[in-house]
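Contents: one structure, followed by commentary.
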Amino acid sequence: MVYLLLIVFFTLLLVLIIDLYPQLNTWQSRIKIGRFSNDELWKEKVKIIAVRWLKQTPTIKVTDNTRLIIIDILKGNYKRNAIQSWQEAALLLGLNQYRSTTQNKELSNSINSFVTSKLDSNGNWIVPPTEVDSVILGYALLKLDDFDFAKYRPAFDFLYEMILNLKGSDGTIAYRKHTSDYRYVDTIGFISPFLVRYGLLFNQPEAVALGINQIRVFNSHGMLANHFIPCHTYNSKTNLPVGLFGWGRGLGWYAIGLIDAWSELPESHPEKEEVTQMVVAFGKMALSFQNDNGSWNWLITNRQSQFDSSATATLAWFFAKAKTISSIANESEQAKVKALNYLKQVTRRDGVVDFSQGDTKTIGVHSQQFDILPFTQGFCLRTIYQA
């Protein structure tokens, strides 16, 4: 009987520790948040965390539960590999941007180790991706400096085939097989930059066209009329929008998909002007919703909603690139500077950028947990070192 009571006691204690540790860790990590003596110290700390996380990326939980977390872990509802892939992609993009801009080769070993953990000597995936979320990781690999694209082409061909297998009768790409009638804004960020870069590198013009078309068709059916505010998704059969208009990270997904696809297109490409006009239209809309402190809300149409660092970091990247377009150059530069200033204010003393919205559960069901997100860390770093 005594042994049974001891087992019950230690089991309950373990459950309590699992529940309380993350909350206590978050609380103490936010003490003296945003207090950096200078910008260079802040930038260095952001970079150090990104390097550490590329080696061992923190698990981003699926659930919003803060009680009895052990049940979610045992049921397999605590984490999902697809979420982890876009965390890694953003970190890799940010660190490669740092390496390219500073010409600092100290990160090469870390980046090379990461590559060899994902791709084998024959150029194939060690663990083949199964979800479209992983395509952005392929884009991050295609952006690496001094990368042997020909050697690793099988891995990129694999991603392209996976994308084509999700192509619907309307000519656009679904997010999941089981939601084949829906076109998510997330998918633009996941696939469009990859398709454009892959198509240009490997002489596959149909891939470039597919990446641009994903954006073009979404503009027709997934935008709030006369406002150019993206919805979470739309139904490809009815062409009706579904879910929230103005979800902050949804803007972020659209922003990075659009701006990176645009950046990949050469000036001579016949689609360049059309995509440039998309950048200008989206940029003007996003500028109108930036808060005075430089952030964007998780729901941009509600200024009382929580500021979201993931939306802010991705939109900061958008404006860092859009500032080369003369018609929105000055406004874009100002928006980028304000956004980075906000991100500095919500950076913990160890360099972790805080207050990013958690993972979305399903259409219209958005997390109300705001914590760390390696995805945000990566795009913050990428923006900092964008020349």
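Ordering of the structure tokens sets the chain letters (A, B, ...); residue numbers start at 1 within each chain; ligands are numbered from 1 in the order shown.
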Please return as an MDAnalysis selection string: the residues of region 246-329 of chain A that backbone DSSP assigns to alpha helix (DSSP H). chainID A and resid 248:264 272:287 309:322 329
Which residues come within 7 Å of region 298-309 of chain A, counting only C-alpha atoms, excluding same-chain residues fewer than 4 positions away, as an mmCIF file with C-alpha atoms, in the first residue's frame?
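Full text of result.cif as output:
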```cif
data_model
loop_
_atom_site.group_PDB
_atom_site.id
_atom_site.type_symbol
_atom_site.label_atom_id
_atom_site.label_comp_id
_atom_site.auth_asym_id
_atom_site.auth_seq_id
_atom_site.Cartn_x
_atom_site.Cartn_y
_atom_site.Cartn_z
ATOM 1 C CA GLY A 246 -6.478 39.671 -41.655
ATOM 2 C CA TRP A 247 -4.853 36.854 -39.652
ATOM 3 C CA GLY A 248 -1.420 38.310 -38.880
ATOM 4 C CA ARG A 249 0.740 35.306 -39.680
ATOM 5 C CA PHE A 289 -2.093 48.239 -40.358
ATOM 6 C CA ALA A 313 9.230 39.503 -38.446
ATOM 7 C CA LEU A 343 11.314 42.965 -32.244
ATOM 8 C CA ASP A 354 9.313 36.404 -27.768
ATOM 9 C CA PHE A 355 5.534 36.723 -28.219
ATOM 10 C CA SER A 356 4.889 34.802 -31.431
ATOM 11 C CA GLN A 357 1.484 33.234 -31.935
ATOM 12 C CA THR A 376 10.364 34.288 -35.999
#
```
I need the residue nearest Glu88 (chain A) from this list: A:Ile229, A:Ile136, A:Ile126, A:Ile256. Use only C-alpha atoms for the distance.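 The answer is A:Ile136, which sits nearest to Glu88 (chain A).
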Residues within 10 Å of Thr130 (chain A), only C-alpha atoms, excluding chain neighbours under 4 positions, as a ChimeraX atom specification: /A:81-82,134-135,159,162,176
Could you give me, as a ChimeraX atom specification, each residue of region 62-277 of chain A that DSSP assigns to strand (DSSP E) when run on this structure's backbone? /A:182-184,231-235,241-245
Would you output that residue set with C-alpha atoms, as an mmCIF file, in the first residue's frame?
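Written file, part-v9.cif:
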```cif
data_model
loop_
_atom_site.group_PDB
_atom_site.id
_atom_site.type_symbol
_atom_site.label_atom_id
_atom_site.label_comp_id
_atom_site.auth_asym_id
_atom_site.auth_seq_id
_atom_site.Cartn_x
_atom_site.Cartn_y
_atom_site.Cartn_z
ATOM 1 C CA TYR A 182 -9.125 24.363 -49.873
ATOM 2 C CA ARG A 183 -6.306 26.721 -50.821
ATOM 3 C CA TYR A 184 -4.495 28.064 -47.772
ATOM 4 C CA CYS A 231 -8.205 35.309 -45.885
ATOM 5 C CA HIS A 232 -6.933 32.153 -44.202
ATOM 6 C CA THR A 233 -8.197 30.015 -47.085
ATOM 7 C CA TYR A 234 -10.808 29.700 -49.806
ATOM 8 C CA ASN A 235 -12.770 26.806 -51.263
ATOM 9 C CA PRO A 241 -13.309 32.581 -48.695
ATOM 10 C CA VAL A 242 -13.238 30.551 -45.470
ATOM 11 C CA GLY A 243 -11.829 31.638 -42.115
ATOM 12 C CA LEU A 244 -10.498 34.968 -40.909
ATOM 13 C CA PHE A 245 -9.513 37.886 -43.069
#
```
Please provide the set of residues having any atom within 10 Å of Arg35 (chain A), restricted to only C-alpha atoms, with same-chain residues fewer than 5 positions apart removed, written as a ChimeraX atom specification. /A:42,344-349
Excluding Ile191 (chain A) and its own-chain neighbours fewer than 5 positions away, which residues fall within 9 Å of it when counting only C-alpha atoms? Please give them as a count of residues only. 13
Between CA of Ser180 (chain A) and CA of Ile215 (chain A), what is the spacing in Å?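 One can read the CA of Ile215 (chain A) to CA of Ser180 (chain A) distance as 17.1 Å.
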Near Gly252 (chain A), within 6 Å and counting only C-alpha atoms, which residues show up once chain neighbours fewer than 3 positions away are dropped, as a VMD selection string? chain A and resid 249 255 311 314 to 315
12 Å contact set for Ser288 (chain A), only C-alpha atoms, chain neighbours under 3 positions out, as a list in words: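 Skipping anything fewer than 3 positions along the chain leaves His227, Phe228, Ile229, Ala281, Phe282, Gly283, Lys284, Met285, Asn291, Asp292, Gly294, Ser295, Trp296, Ile300, Thr301, Arg303, Glu331, Ser332 and Ala335 of chain A.
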With only C-alpha atoms as the basis for distance, which of A:Asp146, A:Trp262, A:Gly250, A:Gln28 is at the shortest distance from Gly364 (chain A)?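 Closest candidate: A:Gly250.
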Separation of CA of Ile259 (chain A) and CA of Gln377 (chain A), in Å? 18.6 Å
State, in Å with one decimal place, the distance from CA of Trp317 (chain A) to CA of Thr383 (chain A). 5.0 Å
